$ cat coords-v7.cif   # mmCIF, C-alpha atoms and all ligand atoms
data_work
loop_
_atom_site.label_atom_id
_atom_site.label_comp_id
_atom_site.auth_asym_id
_atom_site.auth_seq_id
_atom_site.Cartn_x
_atom_site.Cartn_y
_atom_site.Cartn_z
CA MET O 13 -12.89 0.51 12.06
CA LYS O 14 -13.22 3.83 13.83
CA LEU O 15 -10.46 5.76 15.52
CA SER O 16 -11.90 7.90 18.29
CA GLU O 17 -8.74 9.19 19.89
CA LEU O 18 -5.03 9.34 19.23
CA ARG O 19 -2.54 10.61 21.78
CA ALA O 20 1.03 11.33 20.81
CA LYS O 21 3.99 12.18 22.98
CA GLY O 22 7.56 12.66 21.81
CA PHE O 23 6.56 11.75 18.28
CA ARG O 24 8.23 13.72 15.42
CA ASN O 25 7.37 17.42 15.72
CA LEU O 26 4.01 16.82 17.40
CA ALA O 27 3.50 18.54 20.75
CA GLU O 28 1.84 16.38 23.39
CA THR O 29 -1.30 15.86 21.36
CA VAL O 30 -4.79 14.56 21.90
CA TYR O 31 -6.49 14.16 18.54
CA GLU O 32 -10.19 13.29 18.49
CA PRO O 33 -11.33 12.66 14.94
CA GLY O 34 -14.93 12.34 13.87
CA GLU O 35 -16.72 9.67 11.89
CA GLY O 36 -16.55 9.99 8.12
CA VAL O 37 -14.08 12.37 6.56
CA ASN O 38 -11.43 14.12 8.64
CA VAL O 39 -9.38 16.83 7.03
CA ILE O 40 -6.09 17.68 8.67
CA PHE O 41 -4.98 21.00 7.28
CA GLY O 42 -2.26 23.57 7.71
CA GLU O 43 0.74 25.08 5.99
CA ASN O 44 3.78 23.12 4.88
CA ALA O 45 5.96 21.50 7.52
CA GLN O 46 3.47 21.87 10.40
CA GLY O 47 3.00 18.17 11.19
CA LYS O 48 0.08 16.98 9.06
CA THR O 49 1.86 13.97 7.58
CA ASN O 50 3.39 13.26 10.98
CA LEU O 51 -0.09 12.91 12.47
CA LEU O 52 -1.15 10.62 9.63
CA GLU O 53 2.00 8.55 10.11
CA ALA O 54 1.21 8.21 13.83
CA ILE O 55 -2.23 6.80 12.99
CA TRP O 56 -0.73 4.44 10.40
CA LEU O 57 1.80 2.99 12.84
CA MET O 58 -1.06 1.57 14.90
CA SER O 59 -1.61 -0.89 12.04
CA GLY O 60 1.61 -2.65 13.02
CA LEU O 61 3.24 -1.93 9.68
CA LYS O 62 6.32 0.14 8.98
CA SER O 63 6.16 3.87 8.32
CA PHE O 64 4.82 4.64 4.85
CA ARG O 65 7.68 7.10 4.49
CA GLY O 66 10.21 4.35 5.03
CA ALA O 67 11.38 6.02 8.25
CA LYS O 68 13.61 4.26 10.75
CA ASP O 69 12.25 3.96 14.28
CA GLN O 70 14.78 6.47 15.58
CA GLU O 71 13.58 9.12 13.14
CA LEU O 72 10.09 8.89 14.61
CA ILE O 73 11.24 10.04 18.03
CA ALA O 74 11.13 13.83 18.54
CA PHE O 75 14.54 15.49 18.39
CA GLY O 76 15.99 15.43 21.91
CA ALA O 77 13.43 12.95 23.30
CA LEU O 78 14.30 9.46 24.50
CA PHE O 79 11.17 7.73 23.31
CA ALA O 80 7.88 8.34 21.56
CA LYS O 81 4.51 7.08 22.74
CA LEU O 82 1.32 6.69 20.75
CA LYS O 83 -2.00 5.69 22.28
CA ALA O 84 -5.02 4.94 20.16
CA THR O 85 -8.61 4.24 21.07
CA TYR O 86 -10.55 2.61 18.27
CA GLU O 87 -13.60 0.52 17.67
CA ASN O 88 -13.63 -2.52 15.46
CA ALA O 89 -16.68 -4.63 14.63
CA VAL O 90 -16.46 -6.31 18.03
CA ARG O 91 -15.37 -3.88 20.71
CA GLU O 92 -13.52 -0.76 21.78
CA ASN O 93 -9.77 -1.23 21.86
CA ARG O 94 -6.89 0.59 23.43
CA ALA O 95 -3.56 0.24 21.74
CA GLU O 96 -0.28 1.64 22.95
CA LEU O 97 2.94 1.83 20.98
CA THR O 98 6.24 2.86 22.52
CA ILE O 99 9.12 3.61 20.21
CA ALA O 100 12.53 3.58 21.86
CA ASP O 101 15.47 1.32 20.97
CA LYS O 102 12.76 -0.98 19.73
CA LYS O 103 9.02 -0.81 19.41
CA THR O 104 6.81 -2.29 22.09
CA ALA O 105 3.09 -2.75 21.73
CA VAL O 106 0.29 -3.19 24.24
CA LEU O 107 -3.26 -4.03 23.20
CA ASN O 108 -6.09 -3.84 25.72
CA GLY O 109 -3.62 -4.18 28.56
CA VAL O 110 -1.86 -7.22 27.08
CA LYS O 111 1.77 -6.84 26.11
CA LEU O 112 2.44 -8.08 22.57
CA GLY O 113 5.77 -9.45 21.43
CA SER O 114 6.46 -6.61 19.00
CA ALA O 115 4.69 -3.93 16.98
CA ALA O 116 3.85 -6.66 14.45
CA GLY O 117 1.41 -7.90 17.09
CA PHE O 118 -0.87 -5.07 15.92
CA LEU O 119 -1.06 -6.57 12.43
CA GLY O 120 -4.63 -7.23 11.42
CA LYS O 121 -5.95 -5.52 14.56
CA PHE O 122 -6.17 -1.90 13.47
CA SER O 123 -6.80 -2.09 9.79
CA ALA O 124 -5.72 0.84 7.61
CA VAL O 125 -4.88 1.63 4.01
CA VAL O 126 -2.60 4.53 3.17
CA PHE O 127 -2.11 6.62 0.07
CA ALA O 128 1.14 8.58 0.09
CA PRO O 129 2.36 10.57 -2.91
CA SER O 130 5.00 7.92 -3.57
CA PHE O 131 2.17 5.49 -4.40
CA LEU O 132 1.68 7.38 -7.67
CA SER O 133 4.58 5.35 -9.00
CA ILE O 134 2.14 2.43 -9.25
CA VAL O 135 0.83 4.18 -12.35
CA LYS O 136 3.89 6.11 -13.47
CA SER O 137 6.72 3.61 -13.05
CA GLY O 138 7.62 0.31 -14.62
CA PRO O 139 5.92 -3.05 -14.01
CA GLU O 140 7.93 -3.94 -10.90
CA GLU O 141 5.91 -1.57 -8.70
CA ARG O 142 2.67 -3.04 -9.94
CA ARG O 143 3.79 -6.64 -9.42
CA ARG O 144 4.88 -5.69 -5.92
CA PHE O 145 1.47 -4.14 -5.24
CA LEU O 146 -0.29 -7.30 -6.38
CA ASP O 147 1.95 -9.63 -4.42
CA ALA O 148 1.82 -7.48 -1.27
CA SER O 149 -1.99 -7.26 -1.46
CA VAL O 150 -2.25 -11.01 -1.94
CA CYS O 151 0.00 -11.63 1.07
CA GLN O 152 -1.93 -9.19 3.23
CA LEU O 153 -5.15 -10.96 2.35
CA ARG O 154 -3.86 -14.50 2.68
CA PRO O 155 -0.73 -14.87 4.76
CA ALA O 156 -0.43 -18.46 3.48
CA ALA O 157 0.03 -17.12 -0.05
CA ALA O 158 3.17 -15.33 1.07
CA ALA O 159 4.98 -18.68 1.07
CA SER O 160 4.72 -18.95 -2.73
CA VAL O 161 5.80 -15.35 -3.26
CA THR O 162 8.85 -15.85 -1.07
CA GLU O 163 9.75 -19.20 -2.60
CA PHE O 164 9.41 -17.85 -6.12
CA SER O 165 11.87 -15.03 -5.52
CA ARG O 166 14.29 -17.43 -3.76
CA LEU O 167 14.15 -19.87 -6.68
CA LEU O 168 14.80 -17.09 -9.15
CA LYS O 169 17.90 -16.06 -7.22
CA GLN O 170 19.09 -19.66 -7.03
CA ARG O 171 18.54 -20.08 -10.73
CA GLY O 172 20.57 -16.95 -11.46
CA ALA O 173 23.50 -18.39 -9.50
CA LEU O 174 23.09 -21.81 -11.08
CA LEU O 175 23.11 -20.34 -14.59
CA LYS O 176 26.60 -19.08 -13.80
CA ASP O 177 27.93 -22.17 -12.03
CA VAL O 178 26.66 -24.60 -14.63
CA GLN O 179 29.04 -23.13 -17.17
CA ILE O 180 31.98 -24.23 -15.05
CA GLU O 181 30.50 -27.44 -13.68
CA SER O 182 28.33 -29.09 -16.32
CA SER O 183 27.13 -31.81 -13.92
CA LEU O 184 24.91 -29.11 -12.46
CA TYR O 185 22.59 -29.31 -15.46
CA ASP O 186 20.52 -31.94 -13.66
CA MET O 187 20.01 -29.52 -10.83
CA LEU O 188 18.91 -26.84 -13.25
CA ASP O 189 16.27 -29.24 -14.60
CA VAL O 190 14.94 -29.92 -11.11
CA LEU O 191 14.94 -26.24 -10.24
CA ASP O 192 13.10 -25.32 -13.43
CA GLU O 193 10.39 -27.81 -12.68
CA ARG O 194 9.81 -26.33 -9.24
CA LEU O 195 10.03 -22.78 -10.58
CA ALA O 196 7.27 -23.52 -13.09
CA THR O 197 5.00 -24.89 -10.35
CA VAL O 198 5.57 -22.06 -7.89
CA GLY O 199 5.59 -19.37 -10.59
CA ASP O 200 2.23 -20.55 -11.80
CA LYS O 201 0.86 -20.36 -8.27
CA VAL O 202 2.10 -16.78 -7.92
CA VAL O 203 0.37 -15.82 -11.18
CA GLU O 204 -2.84 -17.56 -10.12
CA GLN O 205 -2.84 -15.65 -6.84
CA ARG O 206 -2.35 -12.34 -8.63
CA LYS O 207 -5.14 -13.05 -11.10
CA GLU O 208 -7.53 -14.17 -8.43
CA TYR O 209 -6.85 -10.99 -6.48
CA LEU O 210 -7.32 -8.92 -9.60
CA THR O 211 -10.71 -10.48 -10.22
CA ARG O 212 -11.83 -9.24 -6.84
CA LEU O 213 -10.11 -5.87 -7.11
CA THR O 214 -11.30 -4.82 -10.57
CA PRO O 215 -15.01 -4.17 -9.94
CA GLU O 216 -14.20 -2.14 -6.81
CA VAL O 217 -11.62 -0.01 -8.63
CA SER O 218 -13.95 0.53 -11.59
CA GLU O 219 -16.76 1.72 -9.38
CA ILE O 220 -14.68 4.22 -7.45
CA TYR O 221 -13.01 5.49 -10.61
CA ARG O 222 -16.37 6.02 -12.28
CA GLY O 223 -17.46 8.08 -9.27
CA LEU O 224 -14.26 10.12 -9.25
CA SER O 225 -14.52 10.99 -12.91
CA GLY O 226 -18.24 11.70 -12.78
CA GLY O 227 -18.92 8.73 -15.03
CA ARG O 228 -16.89 10.21 -17.86
CA GLU O 229 -14.00 7.77 -17.76
CA GLU O 230 -13.59 4.02 -17.49
CA ILE O 231 -10.63 2.31 -15.92
CA THR O 232 -9.57 -1.20 -16.96
CA LEU O 233 -7.05 -3.43 -15.23
CA ARG O 234 -5.45 -6.13 -17.33
CA TYR O 235 -2.93 -8.75 -16.34
CA VAL O 236 -0.27 -9.07 -18.99
CA GLY O 237 1.49 -12.39 -18.53
CA THR O 238 4.53 -13.76 -20.26
CA CYS O 239 3.20 -17.28 -19.98
CA ASP O 240 -0.10 -18.93 -19.27
CA GLY O 241 -0.12 -21.91 -16.94
CA GLU O 242 2.51 -24.19 -15.44
CA GLU O 243 3.15 -26.21 -18.63
CA ASN O 244 3.54 -23.03 -20.57
CA PHE O 245 6.05 -21.56 -18.11
CA ALA O 246 8.00 -24.84 -18.10
CA SER O 247 8.31 -24.82 -21.86
CA LEU O 248 9.23 -21.13 -21.85
CA LEU O 249 12.10 -21.94 -19.48
CA LYS O 250 13.25 -24.70 -21.86
CA LYS O 251 12.94 -22.49 -24.90
CA ASN O 252 14.85 -19.63 -23.26
CA ARG O 253 17.56 -21.73 -21.68
CA ARG O 254 20.26 -20.94 -24.21
CA GLU O 255 19.55 -17.24 -23.92
CA ASP O 256 19.31 -17.48 -20.12
CA LEU O 257 22.71 -19.16 -19.97
CA LEU O 258 24.20 -16.31 -21.97
CA SER O 259 22.58 -13.55 -19.95
CA LYS O 260 22.75 -15.51 -16.66
CA THR O 261 19.23 -14.39 -15.82
CA THR O 262 15.77 -15.84 -16.28
CA THR O 263 14.49 -13.84 -19.24
CA GLY O 264 10.82 -14.75 -19.13
CA GLY O 265 8.31 -15.56 -16.42
CA PRO O 266 5.93 -14.13 -13.85
CA HIS O 267 8.72 -11.82 -12.62
CA ARG O 268 8.36 -9.96 -15.93
CA ASP O 269 4.57 -9.77 -15.96
CA ASP O 270 2.70 -6.51 -15.76
CA LEU O 271 -0.60 -5.12 -14.64
CA GLU O 272 -1.80 -2.78 -17.33
CA ILE O 273 -3.86 0.19 -16.17
CA LEU O 274 -5.96 1.65 -18.95
CA ILE O 275 -8.14 4.74 -18.85
CA ASN O 276 -10.70 4.91 -21.62
CA GLY O 277 -8.82 2.15 -23.37
CA VAL O 278 -5.32 3.66 -23.37
CA SER O 279 -2.37 3.21 -21.05
CA ALA O 280 -2.60 5.48 -18.00
CA ARG O 281 1.17 5.41 -17.74
CA ALA O 282 1.83 6.60 -21.27
CA PHE O 283 -1.14 8.85 -21.89
CA GLY O 284 -2.82 9.67 -18.57
CA SER O 285 -2.94 13.26 -17.35
CA GLN O 286 -1.65 14.09 -13.84
CA GLY O 287 -5.19 14.06 -12.50
CA GLN O 288 -6.04 10.80 -14.23
CA GLN O 289 -2.92 9.09 -12.95
CA ARG O 290 -3.65 10.29 -9.43
CA SER O 291 -7.28 9.20 -9.71
CA ALA O 292 -6.20 5.76 -10.91
CA ALA O 293 -3.76 5.33 -8.01
CA LEU O 294 -6.44 6.48 -5.58
CA ALA O 295 -9.01 4.11 -7.04
CA LEU O 296 -6.53 1.24 -6.60
CA LYS O 297 -6.12 2.13 -2.93
CA PHE O 298 -9.86 2.35 -2.34
CA GLY O 299 -10.22 -0.94 -4.19
CA GLU O 300 -7.58 -2.55 -2.00
CA SER O 301 -9.48 -1.39 1.05
CA ALA O 302 -12.79 -2.76 -0.28
CA VAL O 303 -11.32 -6.20 -0.92
CA LEU O 304 -9.75 -6.21 2.53
CA GLN O 305 -13.12 -5.28 3.98
CA ALA O 306 -14.93 -8.07 2.14
CA GLU O 307 -12.39 -10.56 3.45
CA THR O 308 -12.10 -9.47 7.08
CA GLY O 309 -15.47 -7.87 7.78
CA GLU O 310 -13.66 -4.78 9.09
CA THR O 311 -13.71 -1.46 7.25
CA PRO O 312 -10.15 -0.17 7.11
CA VAL O 313 -9.59 3.50 7.84
CA ILE O 314 -8.21 5.31 4.81
CA LEU O 315 -5.27 7.66 5.16
CA LEU O 316 -4.72 10.03 2.26
CA ASP O 317 -1.59 12.14 2.34
CA ASP O 318 -1.64 15.08 -0.01
CA VAL O 319 -4.12 13.72 -2.54
CA MET O 320 -5.91 16.96 -3.36
CA SER O 321 -3.25 18.61 -5.46
CA GLU O 322 -3.69 18.08 -9.22
CA LEU O 323 -7.33 17.09 -8.76
CA ASP O 324 -10.07 19.35 -10.10
CA ALA O 325 -12.93 20.65 -7.96
CA TYR O 326 -15.24 17.80 -8.95
CA ARG O 327 -12.79 15.07 -7.97
CA GLN O 328 -11.89 16.86 -4.73
CA ASP O 329 -15.57 17.14 -3.88
CA PHE O 330 -16.07 13.45 -4.56
CA ILE O 331 -13.33 12.47 -2.12
CA LEU O 332 -14.41 14.95 0.52
CA ASN O 333 -18.13 14.43 0.39
CA HIS O 334 -19.07 11.20 -1.33
CA ILE O 335 -17.05 8.49 0.37
CA LYS O 336 -19.56 6.76 2.59
CA ASP O 337 -19.47 4.46 5.58
CA ARG O 338 -15.82 4.69 6.42
CA GLN O 339 -13.43 6.87 8.29
CA VAL O 340 -11.06 8.80 6.07
CA PHE O 341 -8.15 11.05 7.03
CA ILE O 342 -6.94 13.56 4.48
CA THR O 343 -4.05 15.99 4.81
CA CYS O 344 -4.33 19.15 2.82
CA CYS O 345 -2.68 22.57 2.65
CA ASP O 346 -4.93 24.22 0.09
CA PRO O 347 -7.60 26.27 1.93
CA GLU O 348 -9.82 26.20 -1.13
CA ALA O 349 -9.89 22.41 -1.13
CA VAL O 350 -10.57 22.38 2.63
CA GLY O 351 -13.49 24.74 2.00
CA ARG O 352 -15.17 22.07 -0.13
CA LEU O 353 -15.71 19.80 2.85
CA SER O 354 -19.40 20.02 3.65
CA GLY O 355 -19.80 17.46 6.46
CA GLY O 356 -16.87 15.87 8.20
CA THR O 357 -14.36 17.25 10.66
CA ARG O 358 -11.56 19.75 10.16
CA THR O 359 -8.45 19.88 12.27
CA LYS O 360 -5.84 22.57 11.93
CA ILE O 361 -2.20 21.92 12.73
CA GLU O 362 0.34 24.62 13.47
CA GLU O 363 3.89 23.85 14.56
CA GLY O 364 2.91 20.39 15.69
CA ARG O 365 -0.12 21.57 17.68
CA ILE O 366 -3.79 21.11 17.05
CA VAL O 367 -5.25 24.61 17.09
CA PRO O 368 -8.87 25.75 16.98
CA CYS O 369 -10.24 26.22 13.47
CA THR O 370 -11.38 29.64 12.45
N1 LIG H 1 11.93 13.29 14.76
C1 LIG H 1 11.54 14.56 14.60
N2 LIG H 1 11.64 15.44 15.62
C2 LIG H 1 11.24 16.72 15.46
N3 LIG H 1 10.76 17.23 14.31
C3 LIG H 1 10.63 16.40 13.28
C4 LIG H 1 11.02 15.03 13.36
N4 LIG H 1 10.77 14.43 12.19
C5 LIG H 1 10.27 15.40 11.39
N5 LIG H 1 10.18 16.57 12.03
C6 LIG H 1 9.69 17.87 11.53
O1 LIG H 1 8.30 17.83 11.35
C7 LIG H 1 7.96 18.87 10.46
C8 LIG H 1 6.61 18.63 9.84
O2 LIG H 1 6.63 17.49 9.02
P1 LIG H 1 5.36 16.97 8.20
O3 LIG H 1 5.93 16.09 7.19
O4 LIG H 1 4.34 16.41 9.10
O5 LIG H 1 4.81 18.31 7.54
P2 LIG H 1 3.46 18.54 6.76
O6 LIG H 1 2.57 19.39 7.62
O7 LIG H 1 2.92 17.28 6.27
O8 LIG H 1 3.97 19.46 5.55
P3 LIG H 1 3.73 19.39 3.97
O9 LIG H 1 2.49 20.19 3.71
O10 LIG H 1 4.91 20.10 3.43
O11 LIG H 1 3.63 17.99 3.55
C9 LIG H 1 9.13 18.93 9.49
O12 LIG H 1 9.50 20.26 9.26
C10 LIG H 1 10.25 18.16 10.16
O13 LIG H 1 11.42 18.90 10.29
MG MG H 2 2.97 16.37 4.40
#

$ encode --input "coords-v7.cif" --output "structure tokens" --more "lines below"
Ligand SMILES: Nc1ncnc2c1ncn2[C@@H]1O[C@H](COP(=O)(O)OP(=O)(O)OP(=O)(O)O)[C@@H](O)[C@H]1O
Ligand SMILES: [Mg+2]
Amino acid sequence: MKLSELRAKGFRNLAETVYEPGEGVNVIFGENAQGKTNLLEAIWLMSGLKSFRGAKDQELIAFGALFAKLKATYENAVRENRAELTIADKKTAVLNGVKLGSAAGFLGKFSAVVFAPSFLSIVKSGPEERRRFLDASVCQLRPAAAASVTEFSRLLKQRGALLKDVQIESSLYDMLDVLDERLATVGDKVVEQRKEYLTRLTPEVSEIYRGLSGGREEITLRYVGTCDGEENFASLLKKNRREDLLSKTTTGGPHRDDLEILINGVSARAFGSQGQQRSAALALKFGESAVLQAETGETPVILLDDVMSELDAYRQDFILNHIKDRQVFITCCDPEAVGRLSGGTRTKIEEGRIVPCT
């Protein structure tokens, strides 16, 4: 995947912009609040997904403007494409002159992976973030797998309600039995999907982490399950039923599992330094992109918002100069970090405008 041009009009604080990135690494630099992340967000929206900042459509339109328009020219493995996104009351998308139903029509066309500072919570926060990462990655890779993920969370909700109702209406116990059986089947499928994804992800993450740390650190990813296999989950549900009835929740199951991230054998969450935690999160993102690439044959562009801070010179150099064969976009406000870019393209942003670099 290679973006050769992005035009923005009426988007956030960006002036009418024509951005022409190069192959390889592109650094977008400038002081705070000049529009660096806005430009990255504009590129990201061409993937058909929602803003990585969780912005509403209306917030994307420049203050005082009626609509925003983004036009991208990019090459995939097959051809050059022109995509156009208009953001007004709703989003409308046009690809190579053909009007698509909605922005979701872009999904899978322009493939991108984004690292925003909020993604650090994958390492720092509790297991929920990590389960969500696994499930979302699985769904992105295999849309059919999404059915199990959705059904599992629906069944859990239903079970929660049933655990309450059954205490008033004891004839509902039969229903609870039926639901538990289905929950065990679907829950097992969800776990299998996560593990299968992890098997593909792990070598990619290890390799990139080794590079980032100059071979001095090893990362390990380990799935920590509360039960192993469908039978096992079914018997766990039986065993926990009394407790579940008291707490009116399902105490054990795949919705309590975790993905442990270890650096040199110890938990990155508990013991990792800032730089190690950031490196681990970054390696996960690069890994996600590699798996996506193996599956689709397209190399996703990588968007890195504000990754340089907290990383030492070696790790910064690795990201700037040793990521091969893909287009990367990095925002940065530290001139010293920008100075480390040896090849690649620099773009300076001032008050929403691309200005010549000095
Ligand atoms: N819809 C909008 N219309 C006009 N301006 C906007 C809109 N949305 C955001 N902005 C402005 O865009 C400015 C730049 O935002 P952006 O997040 O791109 O900065 P940045 O260059 O990434 O800065 P930092 O280095 O602090 O991350 C902000 O000051 C914000 O007020
Ligand atoms: Mg920013």

$ closest_residue --input "coords-v7.cif" --among "O:Ser149, O:Gln179, O:Thr238, O:Ser225" --to "Glu208 (chain O)" --atoms "only C-alpha atoms"
O:Ser149

$ closest_residue --input "coords-v7.cif" --among "O:Gln305, O:Ser59, O:Ser279, O:Thr343" --to "ligand MG 2 (chain H)" --atoms "all atoms listed in the file"
O:Thr343

$ atom_distance --input "coords-v7.cif" --atom1 "CA of Asp329 (chain O)" --atom2 "CA of Glu348 (chain O)"
11.1 Å

$ atom_distance --input "coords-v7.cif" --atom1 "CA of Met13 (chain O)" --atom2 "CA of Ser63 (chain O)"
19.7 Å

$ atom_distance --input "coords-v7.cif" --atom1 "CA of Phe79 (chain O)" --atom2 "CA of Glu53 (chain O)"
16.1 Å

$ residues_near_ligand --input "coords-v7.cif" --ligand "ligand LIG 1 (chain H)" --cutoff "10 Å" --atoms "only C-alpha atoms and all ligand atoms" --output "PyMOL selection string"
chain O and resi 22-27+40-54+65+67+69-77+80+129+317-318+343-346+360-364

$ residues_around --input "coords-v7.cif" --residues "Leu174 (chain O)" --least-positions-apart "2" --cutoff "12 Å" --atoms "only C-alpha atoms" --output "PDB file with C-alpha atoms, in the coordinates of the input"
ATOM      1  CA  LEU O 167      14.150 -19.870  -6.680  1.00  0.00           C
ATOM      2  CA  LEU O 168      14.800 -17.090  -9.150  1.00  0.00           C
ATOM      3  CA  LYS O 169      17.900 -16.060  -7.220  1.00  0.00           C
ATOM      4  CA  GLN O 170      19.090 -19.660  -7.030  1.00  0.00           C
ATOM      5  CA  ARG O 171      18.540 -20.080 -10.730  1.00  0.00           C
ATOM      6  CA  GLY O 172      20.570 -16.950 -11.460  1.00  0.00           C
ATOM      7  CA  LYS O 176      26.600 -19.080 -13.800  1.00  0.00           C
ATOM      8  CA  ASP O 177      27.930 -22.170 -12.030  1.00  0.00           C
ATOM      9  CA  VAL O 178      26.660 -24.600 -14.630  1.00  0.00           C
ATOM     10  CA  GLN O 179      29.040 -23.130 -17.170  1.00  0.00           C
ATOM     11  CA  ILE O 180      31.980 -24.230 -15.050  1.00  0.00           C
ATOM     12  CA  GLU O 181      30.500 -27.440 -13.680  1.00  0.00           C
ATOM     13  CA  SER O 182      28.330 -29.090 -16.320  1.00  0.00           C
ATOM     14  CA  SER O 183      27.130 -31.810 -13.920  1.00  0.00           C
ATOM     15  CA  LEU O 184      24.910 -29.110 -12.460  1.00  0.00           C
ATOM     16  CA  TYR O 185      22.590 -29.310 -15.460  1.00  0.00           C
ATOM     17  CA  ASP O 186      20.520 -31.940 -13.660  1.00  0.00           C
ATOM     18  CA  MET O 187      20.010 -29.520 -10.830  1.00  0.00           C
ATOM     19  CA  LEU O 188      18.910 -26.840 -13.250  1.00  0.00           C
ATOM     20  CA  ASP O 189      16.270 -29.240 -14.600  1.00  0.00           C
ATOM     21  CA  VAL O 190      14.940 -29.920 -11.110  1.00  0.00           C
ATOM     22  CA  LEU O 191      14.940 -26.240 -10.240  1.00  0.00           C
ATOM     23  CA  ASP O 192      13.100 -25.320 -13.430  1.00  0.00           C
ATOM     24  CA  ARG O 253      17.560 -21.730 -21.680  1.00  0.00           C
ATOM     25  CA  ASP O 256      19.310 -17.480 -20.120  1.00  0.00           C
ATOM     26  CA  LEU O 257      22.710 -19.160 -19.970  1.00  0.00           C
ATOM     27  CA  LYS O 260      22.750 -15.510 -16.660  1.00  0.00           C
ATOM     28  CA  THR O 261      19.230 -14.390 -15.820  1.00  0.00           C
ATOM     29  CA  THR O 262      15.770 -15.840 -16.280  1.00  0.00           C
TER      30      THR O 262
END

$ decode --input "coords-v7.cif" --residues "region 54-66 of chain O" --atoms "N, CA, C and O atoms" --output "tab-separated table (two decimals), in the first residue's frame"
chain	number	residue	atom	x	y	z
O	54	ALA	N	-6.57	12.22	9.02
O	54	ALA	CA	-7.14	12.30	7.68
O	54	ALA	C	-6.73	11.07	6.85
O	54	ALA	O	-7.56	10.48	6.16
O	55	ILE	N	-5.47	10.69	6.97
O	55	ILE	CA	-5.00	9.50	6.23
O	55	ILE	C	-5.76	8.26	6.73
O	55	ILE	O	-6.26	7.45	5.96
O	56	TRP	N	-5.86	8.15	8.04
O	56	TRP	CA	-6.51	6.98	8.67
O	56	TRP	C	-7.96	6.81	8.20
O	56	TRP	O	-8.43	5.68	7.98
O	57	LEU	N	-8.66	7.93	8.07
O	57	LEU	CA	-10.08	7.84	7.72
O	57	LEU	C	-10.31	7.18	6.36
O	57	LEU	O	-11.37	6.64	6.09
O	58	MET	N	-9.28	7.18	5.51
O	58	MET	CA	-9.42	6.55	4.20
O	58	MET	C	-9.50	5.02	4.33
O	58	MET	O	-9.79	4.33	3.37
O	59	SER	N	-9.22	4.51	5.53
O	59	SER	CA	-9.32	3.06	5.74
O	59	SER	C	-10.78	2.63	5.95
O	59	SER	O	-11.08	1.43	5.99
O	60	GLY	N	-11.66	3.60	6.11
O	60	GLY	CA	-13.08	3.26	6.29
O	60	GLY	C	-13.45	3.06	7.75
O	60	GLY	O	-14.61	2.81	8.07
O	61	LEU	N	-12.46	3.15	8.62
O	61	LEU	CA	-12.74	2.96	10.05
O	61	LEU	C	-12.97	4.31	10.72
O	61	LEU	O	-12.73	5.36	10.14
O	62	LYS	N	-13.42	4.23	11.97
O	62	LYS	CA	-13.70	5.48	12.70
O	62	LYS	C	-12.40	6.14	13.14
O	62	LYS	O	-11.36	5.50	13.21
O	63	SER	N	-12.48	7.41	13.47
O	63	SER	CA	-11.30	8.15	13.93
O	63	SER	C	-10.65	7.44	15.11
O	63	SER	O	-11.34	6.97	16.01
O	64	PHE	N	-9.32	7.38	15.11
O	64	PHE	CA	-8.64	6.72	16.22
O	64	PHE	C	-8.67	7.57	17.48
O	64	PHE	O	-8.22	7.15	18.53
O	65	ARG	N	-9.19	8.81	17.35
O	65	ARG	CA	-9.34	9.62	18.55
O	65	ARG	C	-10.77	9.54	19.08
O	65	ARG	O	-11.14	10.27	19.99
O	66	GLY	N	-11.56	8.70	18.46
O	66	GLY	CA	-12.95	8.57	18.89
O	66	GLY	C	-13.77	9.81	18.58
O	66	GLY	O	-14.76	10.10	19.25
